[in-house]
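Enquirer: Have a peek at entry-v6.cif (mmCIF, C-alpha atoms and all ligand atoms).
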```
data_coords
#
loop_
_atom_site.label_atom_id
_atom_site.label_comp_id
_atom_site.auth_asym_id
_atom_site.auth_seq_id
_atom_site.Cartn_x
_atom_site.Cartn_y
_atom_site.Cartn_z
CA MET A 1 -5.75 -7.41 -30.74
CA SER A 2 -6.89 -6.10 -27.41
CA ARG A 3 -5.72 -2.91 -25.78
CA PRO A 4 -2.09 -3.44 -24.79
CA ALA A 5 -2.04 -1.74 -21.36
CA ILE A 6 -1.05 -4.52 -18.96
CA ALA A 7 -0.28 -4.63 -15.25
CA HIS A 8 2.06 -7.60 -14.77
CA ILE A 9 1.99 -8.73 -11.14
CA ARG A 10 4.91 -10.79 -9.81
CA LEU A 11 3.59 -12.77 -6.88
CA ASP A 12 7.02 -14.28 -6.19
CA ALA A 13 8.34 -10.73 -5.72
CA PHE A 14 5.46 -10.04 -3.34
CA ARG A 15 6.40 -13.15 -1.35
CA HIS A 16 10.07 -12.13 -1.35
CA ASN A 17 9.16 -8.67 -0.02
CA TYR A 18 7.00 -10.16 2.72
CA ARG A 19 10.00 -12.20 3.86
CA VAL A 20 12.22 -9.11 3.81
CA ALA A 21 9.65 -7.24 5.91
CA LYS A 22 9.31 -10.06 8.37
CA GLN A 23 13.04 -10.59 8.81
CA ALA A 24 13.73 -6.89 9.31
CA HIS A 25 12.10 -6.80 12.73
CA ALA A 26 12.15 -10.54 13.40
CA GLY A 27 8.60 -10.48 14.77
CA LYS A 28 5.25 -11.38 13.32
CA ALA A 29 4.07 -9.40 10.31
CA LEU A 30 0.55 -8.61 9.21
CA ALA A 31 0.63 -8.16 5.45
CA VAL A 32 -1.38 -5.01 4.74
CA ILE A 33 -3.50 -5.77 1.67
CA LYS A 34 -6.19 -3.11 2.05
CA ALA A 35 -7.57 -1.33 -1.02
CA ASN A 36 -7.30 -4.51 -3.09
CA ALA A 37 -3.65 -4.92 -2.05
CA TYR A 38 -2.80 -1.36 -3.07
CA GLY A 39 -4.32 -2.09 -6.46
CA HIS A 40 -2.43 -5.35 -7.01
CA GLY A 41 -5.29 -7.79 -6.34
CA ALA A 42 -5.89 -8.77 -2.71
CA VAL A 43 -6.88 -12.40 -3.23
CA HIS A 44 -3.91 -13.13 -5.49
CA CYS A 45 -1.50 -11.50 -3.06
CA ALA A 46 -2.99 -13.24 -0.02
CA LYS A 47 -2.80 -16.61 -1.76
CA ALA A 48 0.84 -15.99 -2.65
CA ILE A 49 1.76 -16.03 1.06
CA GLU A 50 -1.00 -18.29 2.34
CA GLY A 51 0.31 -20.62 5.02
CA GLU A 52 3.28 -18.33 5.54
CA ALA A 53 1.75 -14.98 6.50
CA ASP A 54 1.09 -14.34 10.18
CA GLY A 55 -2.03 -12.54 9.11
CA PHE A 56 -3.48 -9.85 6.88
CA ALA A 57 -4.78 -6.35 7.42
CA VAL A 58 -7.54 -4.69 5.42
CA ALA A 59 -9.56 -1.51 5.80
CA CYS A 60 -13.05 -2.89 6.27
CA LEU A 61 -15.38 -5.85 6.55
CA GLU A 62 -16.09 -6.02 2.80
CA GLU A 63 -12.41 -6.41 2.05
CA ALA A 64 -12.05 -9.12 4.68
CA LEU A 65 -15.06 -11.06 3.43
CA GLN A 66 -13.59 -11.13 -0.05
CA LEU A 67 -10.55 -12.92 1.41
CA ARG A 68 -12.63 -15.32 3.52
CA GLU A 69 -14.79 -16.16 0.48
CA ALA A 70 -11.60 -16.99 -1.39
CA GLY A 71 -10.72 -19.42 1.39
CA ILE A 72 -8.00 -17.45 3.16
CA PRO A 73 -7.80 -18.94 6.67
CA GLU A 74 -5.25 -16.62 8.32
CA PRO A 75 -6.12 -13.94 10.86
CA ILE A 76 -7.45 -10.76 9.25
CA LEU A 77 -7.38 -7.42 11.04
CA LEU A 78 -9.85 -4.65 10.16
CA LEU A 79 -7.68 -1.54 10.41
CA GLU A 80 -10.61 0.76 11.11
CA GLY A 81 -12.55 -1.85 13.03
CA PHE A 82 -16.29 -1.58 12.51
CA PHE A 83 -18.28 1.44 11.40
CA GLU A 84 -21.65 0.27 12.71
CA ALA A 85 -22.90 -2.21 15.32
CA ILE A 86 -24.63 -4.22 12.60
CA GLU A 87 -21.24 -5.46 11.33
CA LEU A 88 -20.34 -7.20 14.58
CA PRO A 89 -22.11 -10.56 14.08
CA GLU A 90 -20.42 -11.01 10.70
CA ILE A 91 -17.07 -10.00 12.15
CA VAL A 92 -17.45 -12.67 14.84
CA ALA A 93 -18.75 -15.28 12.40
CA ASN A 94 -15.73 -14.77 10.15
CA ASP A 95 -13.19 -14.75 12.94
CA LEU A 96 -11.92 -11.27 12.14
CA TRP A 97 -9.81 -9.09 14.40
CA ILE A 98 -10.79 -5.48 14.94
CA VAL A 99 -8.98 -2.25 15.63
CA VAL A 100 -10.74 -0.18 18.26
CA HIS A 101 -9.70 3.41 17.70
CA ALA A 102 -12.43 5.47 19.37
CA GLN A 103 -14.52 5.56 22.49
CA TRP A 104 -17.76 5.19 20.52
CA GLN A 105 -16.54 1.80 19.31
CA VAL A 106 -15.86 0.71 22.89
CA GLU A 107 -19.43 1.54 23.89
CA ILE A 108 -20.94 -0.28 20.89
CA LEU A 109 -18.77 -3.30 21.58
CA PHE A 110 -19.91 -3.40 25.20
CA ALA A 111 -23.57 -3.09 24.27
CA ALA A 112 -23.45 -5.91 21.71
CA LYS A 113 -24.55 -9.50 22.20
CA LEU A 114 -21.78 -11.58 20.66
CA ALA A 115 -21.49 -15.30 20.14
CA LYS A 116 -17.76 -15.16 20.94
CA PRO A 117 -15.36 -12.57 22.36
CA LEU A 118 -13.54 -10.45 19.79
CA HIS A 119 -9.79 -10.08 19.35
CA VAL A 120 -9.08 -6.36 19.69
CA TRP A 121 -6.17 -4.17 18.59
CA LEU A 122 -6.49 -1.06 20.72
CA LYS A 123 -5.15 1.94 18.90
CA MET A 124 -3.56 4.91 20.60
CA ASP A 125 -3.21 8.36 19.09
CA SER A 126 0.42 8.88 20.05
CA GLY A 127 0.83 12.01 17.93
CA MET A 128 -0.55 11.52 14.43
CA HIS A 129 -3.94 12.93 15.49
CA ARG A 130 -5.95 10.98 12.94
CA VAL A 131 -7.64 8.16 14.86
CA GLY A 132 -6.83 6.41 18.12
CA LEU A 133 -7.62 6.97 21.77
CA PRO A 134 -5.66 9.80 23.36
CA PRO A 135 -3.01 8.65 25.83
CA ASP A 136 -4.96 9.88 28.86
CA GLU A 137 -7.94 7.65 27.97
CA TYR A 138 -5.96 4.68 26.77
CA VAL A 139 -5.17 2.70 29.90
CA GLN A 140 -8.68 3.02 31.26
CA ALA A 141 -10.13 1.81 27.96
CA TYR A 142 -7.68 -1.09 28.02
CA GLU A 143 -8.71 -2.11 31.54
CA ARG A 144 -12.41 -1.91 30.69
CA LEU A 145 -11.93 -3.96 27.51
CA LYS A 146 -9.79 -6.52 29.29
CA ASN A 147 -12.51 -7.17 31.81
CA HIS A 148 -15.40 -7.36 29.38
CA LYS A 149 -16.93 -10.62 28.17
CA ASN A 150 -17.06 -9.43 24.55
CA VAL A 151 -13.30 -8.98 24.39
CA GLY A 152 -10.68 -11.69 24.06
CA LYS A 153 -7.03 -10.94 23.48
CA ILE A 154 -5.88 -7.31 23.20
CA VAL A 155 -2.92 -6.05 21.17
CA LEU A 156 -1.67 -2.51 21.81
CA MET A 157 -1.03 -0.46 18.68
CA THR A 158 -0.25 2.96 17.31
CA HIS A 159 0.57 4.41 13.89
CA PHE A 160 3.32 6.84 12.87
CA ALA A 161 2.80 10.11 11.03
CA ASN A 162 6.39 10.69 9.87
CA ALA A 163 8.20 7.36 9.80
CA ASP A 164 9.26 8.03 6.20
CA ASN A 165 11.17 11.12 7.35
CA VAL A 166 14.34 9.88 9.00
CA SER A 167 15.44 13.39 9.91
CA SER A 168 12.31 14.09 11.95
CA ASN A 169 12.25 13.08 15.63
CA HIS A 170 8.45 12.80 15.58
CA THR A 171 8.61 9.02 15.34
CA LEU A 172 10.77 8.78 18.46
CA GLN A 173 8.40 11.10 20.28
CA GLN A 174 5.47 8.89 19.29
CA ILE A 175 7.33 5.78 20.47
CA GLU A 176 8.09 7.49 23.79
CA THR A 177 4.47 8.55 24.29
CA PHE A 178 3.33 5.04 23.48
CA GLN A 179 5.84 3.38 25.80
CA ASN A 180 5.19 5.75 28.69
CA THR A 181 1.46 5.21 28.41
CA THR A 182 1.54 1.43 28.07
CA GLN A 183 4.19 0.80 30.72
CA GLY A 184 3.16 -2.10 32.91
CA LEU A 185 0.51 -3.45 30.54
CA SER A 186 1.40 -6.97 29.55
CA ALA A 187 0.16 -7.28 26.01
CA GLU A 188 1.65 -7.65 22.56
CA ILE A 189 2.52 -4.46 20.72
CA SER A 190 2.23 -3.33 17.09
CA LEU A 191 3.93 -0.14 15.93
CA ALA A 192 5.73 -0.33 12.63
CA ASN A 193 4.47 0.33 9.12
CA SER A 194 6.88 -0.13 6.17
CA ALA A 195 8.80 3.09 6.76
CA ALA A 196 9.32 2.24 10.42
CA ILE A 197 10.38 -1.31 9.55
CA LEU A 198 13.01 0.05 7.16
CA GLY A 199 14.04 3.18 9.02
CA TRP A 200 13.41 2.90 12.75
CA LYS A 201 14.87 -0.02 14.66
CA GLN A 202 13.48 1.65 17.81
CA ALA A 203 10.02 0.70 16.51
CA LYS A 204 10.79 -3.02 16.82
CA CYS A 205 7.73 -4.76 18.22
CA ASP A 206 5.76 -8.02 18.33
CA TRP A 207 3.72 -7.29 15.22
CA THR A 208 4.74 -5.20 12.23
CA ARG A 209 2.28 -3.98 9.61
CA PRO A 210 4.13 -3.75 6.30
CA GLY A 211 2.15 -2.35 3.37
CA ILE A 212 3.89 -0.44 0.60
CA MET A 213 7.18 -2.35 0.95
CA LEU A 214 5.37 -5.58 0.07
CA TYR A 215 4.72 -4.04 -3.34
CA GLY A 216 8.38 -3.21 -3.80
CA ALA A 217 8.33 0.54 -3.21
CA ASP A 218 10.61 1.80 -0.47
CA PRO A 219 8.88 4.69 1.32
CA LEU A 220 12.31 6.00 2.35
CA MET A 221 13.31 6.15 -1.34
CA LYS A 222 16.60 4.44 -0.57
CA ALA A 223 18.12 2.34 -3.30
CA ASP A 224 19.52 -0.34 -1.01
CA ALA A 225 16.29 -1.84 0.26
CA LYS A 226 16.21 -5.45 -0.84
CA LEU A 227 12.76 -5.08 -2.29
CA LYS A 228 11.60 -6.30 -5.68
CA PRO A 229 9.00 -4.46 -7.72
CA VAL A 230 5.73 -6.39 -7.90
CA MET A 231 3.79 -4.43 -10.51
CA GLN A 232 5.14 -3.71 -13.96
CA LEU A 233 2.80 -1.48 -15.93
CA THR A 234 3.41 -1.75 -19.66
CA SER A 235 1.79 -0.80 -22.91
CA LYS A 236 2.79 -0.29 -26.53
CA ILE A 237 3.58 2.42 -29.03
CA ILE A 238 0.56 2.88 -31.29
CA SER A 239 1.70 5.88 -33.35
CA ILE A 240 4.94 7.62 -34.30
CA SER A 241 5.33 11.03 -35.85
CA ASN A 242 8.01 13.60 -36.55
CA VAL A 243 7.47 16.94 -34.92
CA LYS A 244 9.54 19.92 -36.04
CA GLN A 245 11.41 22.10 -33.60
CA GLY A 246 9.08 24.78 -32.26
CA GLU A 247 5.88 22.77 -32.74
CA SER A 248 3.75 21.74 -29.79
CA ILE A 249 1.95 18.52 -29.01
CA GLY A 250 -1.14 17.38 -27.15
CA TYR A 251 -3.74 19.08 -24.98
CA GLY A 252 -2.82 22.55 -23.90
CA SER A 253 0.23 22.39 -26.19
CA ILE A 254 2.28 22.35 -23.00
CA PHE A 255 5.29 20.72 -24.65
CA THR A 256 7.10 22.50 -27.46
CA ALA A 257 9.83 20.55 -29.26
CA GLU A 258 13.28 22.01 -28.44
CA ARG A 259 14.66 20.10 -31.43
CA ASP A 260 13.14 18.04 -34.22
CA THR A 261 11.53 15.30 -32.21
CA VAL A 262 10.29 11.79 -32.89
CA VAL A 263 7.11 11.51 -30.86
CA GLY A 264 5.64 8.16 -29.89
CA VAL A 265 2.09 7.74 -28.65
CA VAL A 266 1.54 5.08 -25.98
CA ALA A 267 -1.78 3.37 -25.28
CA CYS A 268 -1.93 4.31 -21.61
CA GLY A 269 -3.48 7.35 -19.98
CA TYR A 270 -4.92 8.64 -16.78
CA ALA A 271 -7.95 6.37 -17.16
CA ASP A 272 -5.51 3.50 -16.72
CA GLY A 273 -4.10 5.14 -13.62
CA TYR A 274 -1.08 6.86 -15.10
CA PRO A 275 -1.00 10.23 -13.30
CA ARG A 276 -2.14 13.19 -15.38
CA SER A 277 0.05 15.39 -13.20
CA ALA A 278 3.26 13.69 -14.44
CA VAL A 279 5.44 16.36 -16.02
CA THR A 280 7.63 16.35 -19.14
CA GLY A 281 10.79 14.50 -18.22
CA THR A 282 9.12 11.76 -16.17
CA PRO A 283 11.13 8.58 -16.80
CA ILE A 284 9.68 5.95 -19.09
CA ALA A 285 11.33 3.01 -20.90
CA VAL A 286 10.83 1.97 -24.52
CA ASP A 287 12.21 -1.38 -25.63
CA GLY A 288 14.40 -1.37 -22.54
CA LYS A 289 15.84 2.11 -23.16
CA MET A 290 15.19 4.97 -20.80
CA THR A 291 13.57 8.07 -22.20
CA ARG A 292 11.05 10.66 -21.06
CA LEU A 293 7.37 11.47 -21.04
CA ILE A 294 6.55 14.63 -22.99
CA GLY A 295 3.43 16.77 -23.10
CA ARG A 296 0.21 16.32 -21.20
CA VAL A 297 -1.06 12.85 -20.35
CA SER A 298 -4.51 12.32 -21.82
CA MET A 299 -7.22 9.84 -20.82
CA ASP A 300 -6.16 6.95 -23.03
CA MET A 301 -2.77 7.97 -24.42
CA LEU A 302 0.45 9.66 -23.54
CA PHE A 303 3.49 10.91 -25.45
CA VAL A 304 7.03 9.65 -25.26
CA ASP A 305 10.22 11.06 -26.75
CA LEU A 306 11.65 8.55 -29.25
CA THR A 307 14.26 10.84 -30.81
CA ASP A 308 17.16 8.91 -29.27
CA ILE A 309 15.56 5.48 -29.72
CA PRO A 310 15.71 5.11 -33.53
CA ASN A 311 14.75 1.45 -33.47
CA ALA A 312 11.47 2.09 -31.70
CA THR A 313 8.52 1.16 -33.87
CA ILE A 314 4.78 0.60 -33.74
CA GLY A 315 4.27 -2.12 -31.15
CA SER A 316 7.45 -1.35 -29.19
CA GLN A 317 7.07 -2.31 -25.54
CA VAL A 318 6.79 0.61 -23.12
CA GLU A 319 7.33 0.35 -19.38
CA LEU A 320 5.45 3.04 -17.46
CA TRP A 321 6.86 1.74 -14.17
CA GLY A 322 8.08 -1.53 -12.78
CA ASN A 323 11.55 -2.91 -13.33
CA GLN A 324 13.51 -0.19 -15.10
CA VAL A 325 11.37 2.77 -14.18
CA SER A 326 10.81 3.07 -10.47
CA ALA A 327 7.27 3.81 -9.35
CA ASN A 328 8.78 6.18 -6.78
CA ALA A 329 10.45 8.21 -9.54
CA VAL A 330 7.22 8.51 -11.53
CA ALA A 331 5.30 9.40 -8.37
CA THR A 332 7.79 12.10 -7.42
CA SER A 333 7.58 13.53 -10.92
CA ALA A 334 3.81 13.65 -10.61
CA GLY A 335 3.77 15.19 -7.13
CA THR A 336 2.40 12.06 -5.50
CA ILE A 337 3.51 8.78 -3.91
CA ALA A 338 3.79 5.25 -5.27
CA TYR A 339 0.87 4.21 -3.04
CA GLU A 340 -1.47 6.37 -5.09
CA LEU A 341 -0.08 5.22 -8.44
CA PHE A 342 -0.64 1.57 -7.55
CA CYS A 343 -4.11 2.09 -6.10
CA ASN A 344 -5.22 3.97 -9.20
CA VAL A 345 -4.35 1.31 -11.79
CA LYS A 346 -7.49 0.17 -13.55
CA ARG A 347 -8.75 -0.79 -17.01
CA ALA A 348 -5.32 -2.21 -17.79
CA HIS A 349 -5.42 -6.01 -18.01
CA PHE A 350 -3.96 -7.71 -14.95
CA GLN A 351 -1.68 -10.69 -15.56
CA TYR A 352 -0.31 -12.70 -12.65
CA PHE A 353 3.01 -14.54 -12.58
CA ASP A 354 4.47 -16.69 -9.87
CA ALA A 355 7.79 -18.47 -9.95
CA ALA A 356 6.97 -21.22 -7.49
CA ASN A 357 9.14 -21.85 -4.44
CA ILE A 358 10.77 -18.45 -4.50
C1 LIG B 401 -2.02 1.28 5.68
C2 LIG B 401 -1.52 1.02 7.04
C3 LIG B 401 -0.29 0.38 7.25
C4 LIG B 401 0.68 0.07 6.14
O1 LIG B 401 1.40 1.25 5.85
P1 LIG B 401 2.59 1.26 4.76
O2 LIG B 401 3.09 2.65 4.82
O3 LIG B 401 1.96 0.96 3.46
O4 LIG B 401 3.56 0.24 5.19
C5 LIG B 401 0.06 0.07 8.54
N1 LIG B 401 -0.74 0.37 9.58
C6 LIG B 401 -1.92 1.01 9.42
C7 LIG B 401 -2.75 1.33 10.61
C8 LIG B 401 -2.34 1.37 8.15
O5 LIG B 401 -3.50 2.01 8.00
#
```
Please rewrite the model in this file as structure tokens.
Ligand SMILES: *Cc1c(COP(=O)(O)O)cnc(C)c1O

Expert:
Amino acid sequence: MSRPAIAHIRLDAFRHNYRVAKQAHAGKALAVIKANAYGHGAVHCAKAIEGEADGFAVACLEEALQLREAGIPEPILLLEGFFEAIELPEIVANDLWIVVHAQWQVEILFAAKLAKPLHVWLKMDSGMHRVGLPPDEYVQAYERLKNHKNVGKIVLMTHFANADNVSSNHTLQQIETFQNTTQGLSAEISLANSAAILGWKQAKCDWTRPGIMLYGADPLMKADAKLKPVMQLTSKIISISNVKQGESIGYGSIFTAERDTVVGVVACGYADGYPRSAVTGTPIAVDGKMTRLIGRVSMDMLFVDLTDIPNATIGSQVELWGNQVSANAVATSAGTIAYELFCNVKRAHFQYFDAANI
């Protein structure tokens, strides 16, 4: 028997979520599958919406080439563009789109000898202050790019810092800065990430860029989003013991039994991507019944409270997150976000499922 930690990936759920994202703003949607599709497997995810997706977005050339090598024909946007001039010939040869987010990229692009003009998404820093051209340099950069032989079509874009916070007006301020700056430019626009798609109708635009929602996690933590979880991380109980009230378990003895406790050990730990920072009480399901994580997560194993699940036995199925246990709930309990949980999954065996035509 092999190690039972398994990441089950539902590609039909991924496809469903892409459709939800696309319908929400009724425009075109670039499926963001950077970082190996947030840990889900970029080629599998891309193939699940091949022929349907308006395009894909990844972080860098290497990620895009992996998709091209797998035969993905759709447009692919490099969200950070290029890092060095040497990447440009390959970017052109593979028909990739680039984000231009800094003046140094503009200069490199102008100095290059390219076989074909490049499709550029010109990024503005409208208030996040991470990357992007400041508003007072933006229009001039746009005009220069527009008139240069190395540049084809230009899409205007920006990225939100607080779209997941519906009580902050920062997103509206960013939209206003963006609109004021780009007034009069006739180009397509791309504003919305998942949180803006779900929470900010004012961010409606030609191109959305959904990421996390494609994987079924709502960044606004609302229950009513019509998203389906894509990853179910499961493993099995490999040991059961009775621990008397007052005794402690695991590294650091950080959990002391408040009552006589039946303790299960699950073959999943932080080396599989389960967060070590998850605290006692983090939800977990055993044989379909909700219970809690107890004690400190170790590298290969973690503890679960089986006291109220008398039928649990060696080999019982454990869901770390997925269908019953929301990744958002585990993330919150561990002081992180579902994005990080998904990206960190490794060593677990990946199994892909697709109910065709859904
Ligand atoms: C990662 C990323 C996205 C997707 O963000 P989500 O919050 O996952 O929807 C969109 N746009 C840019 C520029 C990104 O880097």

Enquirer: Within 8 Å of ligand LIG 401 (chain B), which residues show up when you count all atoms listed in the file? List them as a count of residues only, please.

Expert: 21

Enquirer: Using 6 Å of padding on each side, determine the axis-aligned box around all atoms of range 40-57 of chain A present in the file and give its centre and edge lengths in Å to one decimal, as lines of an AutoDock Vina configuration file.

Expert:
```
center_x = -1.8
center_y = -13.0
center_z = 1.6
size_x = 22.2
size_y = 27.3
size_z = 29.2
```

Enquirer: Using all atoms listed in the file, which protein or nucleic acid residues come within 8 Å of range 40-57 of chain A? Drop anything in the same chain fewer than 5 positions from it, and give the result as a list of chain:residue names.

Expert: A:Ile9, A:Leu11, A:Asp12, A:Phe14, A:Arg15, A:Lys28, A:Ala29, A:Leu30, A:Ala31, A:Val32, A:Ile33, A:Lys34, A:Ala35, A:Gln66, A:Leu67, A:Ala70, A:Ile72, A:Glu74, A:Pro75, A:Ile76, A:Leu77, A:Leu78, A:Leu79, A:Arg209, A:Met231, A:Phe342, A:Cys343

Enquirer: Pick from A:Gln140, A:Phe303, A:Ile189, A:Leu156: nearest to Asp206 in chain A, with only C-alpha atoms counted?

Expert: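 Distance minimum relative to Asp206 in chain A lands on A:Ile189.
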
Enquirer: Which residue out of A:Arg259, A:Ala225, A:Ser298, A:Trp207 has the minimum interatomic distance to Ala278 in chain A when all atoms listed in the file are used?

Expert: A:Ser298

Enquirer: Would you kindly return, as number ranges by chain, each protein, DNA or RNA residue with an atom no farther than 6 Å from any atom of Gly295 in chain A, considering only C-alpha atoms and excluding same-chain residues fewer than 4 positions away?

Expert: A: 254-255, 280

Enquirer: When you count all atoms listed in the file, which of these residues is closest to Phe110 in chain A: A:Ile237, A:Val265, A:Ala85, A:Met124?

Expert: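 Closest candidate: A:Ala85.
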
Enquirer: For CA of Asn311 in chain A and CA of Thr332 in chain A, determine how far apart the two atoms are, in Å to one decimal place.

Expert: 29.0 Å

Enquirer: Near Pro283 in chain A, within 10 Å and counting only C-alpha atoms, which residues show up once chain neighbours fewer than 5 positions away are dropped, as a PyMOL selection string?

Expert: chain A and resi 278+290-294+304+319-321+324-327+329-330+333

Enquirer: Using all atoms listed in the file, determine which residues lie at most 8 Å from Leu65 in chain A, disregarding the query and same-chain residues fewer than 4 positions distant; provide the list as a PyMOL selection string.

Expert: chain A and resi 61+69+94

Enquirer: Go ahead and find all residues with at least one atom no further than 9 Å from (5.7, 5.4, -35.0) in the file's coordinates, using all atoms listed in the file; report them as a list of chain:residue names.

Expert: A:Ile237, A:Ile238, A:Ser239, A:Ile240, A:Ser241, A:Asn242, A:Val262, A:Val263, A:Gly264, A:Val265, A:Leu306, A:Ala312, A:Thr313, A:Ile314, A:Gly315

Enquirer: Taking into account only C-alpha atoms, which residue in the set A:Lys146, A:His170, A:Lys289, A:Lys113 is nearest to Gly127 in chain A?

Expert: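 Using only C-alpha atoms, the shortest distance to Gly127 in chain A belongs to A:His170.
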
Enquirer: Between CA of Ala102 in chain A and CA of Leu133 in chain A, what is the spacing in Å?

Expert: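 It comes out at 5.6 Å.
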
Enquirer: Residues within 12 Å of (15.1, -3.3, 15.7), file coordinates, counting only C-alpha atoms: what are they? Give the list as a ChimeraX atom specification.

Expert: /A:21-27,191-192,196-206,208

Enquirer: Take the residues from that selection and put them in a file with C-alpha atoms, as a PDB file, in the frame of the given file.

Expert:
```pdb
ATOM      1  CA  ALA A  21       9.650  -7.240   5.910  1.00  0.00           C
ATOM      2  CA  LYS A  22       9.310 -10.060   8.370  1.00  0.00           C
ATOM      3  CA  GLN A  23      13.040 -10.590   8.810  1.00  0.00           C
ATOM      4  CA  ALA A  24      13.730  -6.890   9.310  1.00  0.00           C
ATOM      5  CA  HIS A  25      12.100  -6.800  12.730  1.00  0.00           C
ATOM      6  CA  ALA A  26      12.150 -10.540  13.400  1.00  0.00           C
ATOM      7  CA  GLY A  27       8.600 -10.480  14.770  1.00  0.00           C
ATOM      8  CA  LEU A 191       3.930  -0.140  15.930  1.00  0.00           C
ATOM      9  CA  ALA A 192       5.730  -0.330  12.630  1.00  0.00           C
ATOM     10  CA  ALA A 196       9.320   2.240  10.420  1.00  0.00           C
ATOM     11  CA  ILE A 197      10.380  -1.310   9.550  1.00  0.00           C
ATOM     12  CA  LEU A 198      13.010   0.050   7.160  1.00  0.00           C
ATOM     13  CA  GLY A 199      14.040   3.180   9.020  1.00  0.00           C
ATOM     14  CA  TRP A 200      13.410   2.900  12.750  1.00  0.00           C
ATOM     15  CA  LYS A 201      14.870  -0.020  14.660  1.00  0.00           C
ATOM     16  CA  GLN A 202      13.480   1.650  17.810  1.00  0.00           C
ATOM     17  CA  ALA A 203      10.020   0.700  16.510  1.00  0.00           C
ATOM     18  CA  LYS A 204      10.790  -3.020  16.820  1.00  0.00           C
ATOM     19  CA  CYS A 205       7.730  -4.760  18.220  1.00  0.00           C
ATOM     20  CA  ASP A 206       5.760  -8.020  18.330  1.00  0.00           C
ATOM     21  CA  THR A 208       4.740  -5.200  12.230  1.00  0.00           C
TER      22      THR A 208
END
```

Enquirer: State, in Å with one decimal place, the distance from CA of Met157 in chain A to CA of Trp121 in chain A.

Expert: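 The value is 6.3 Å.
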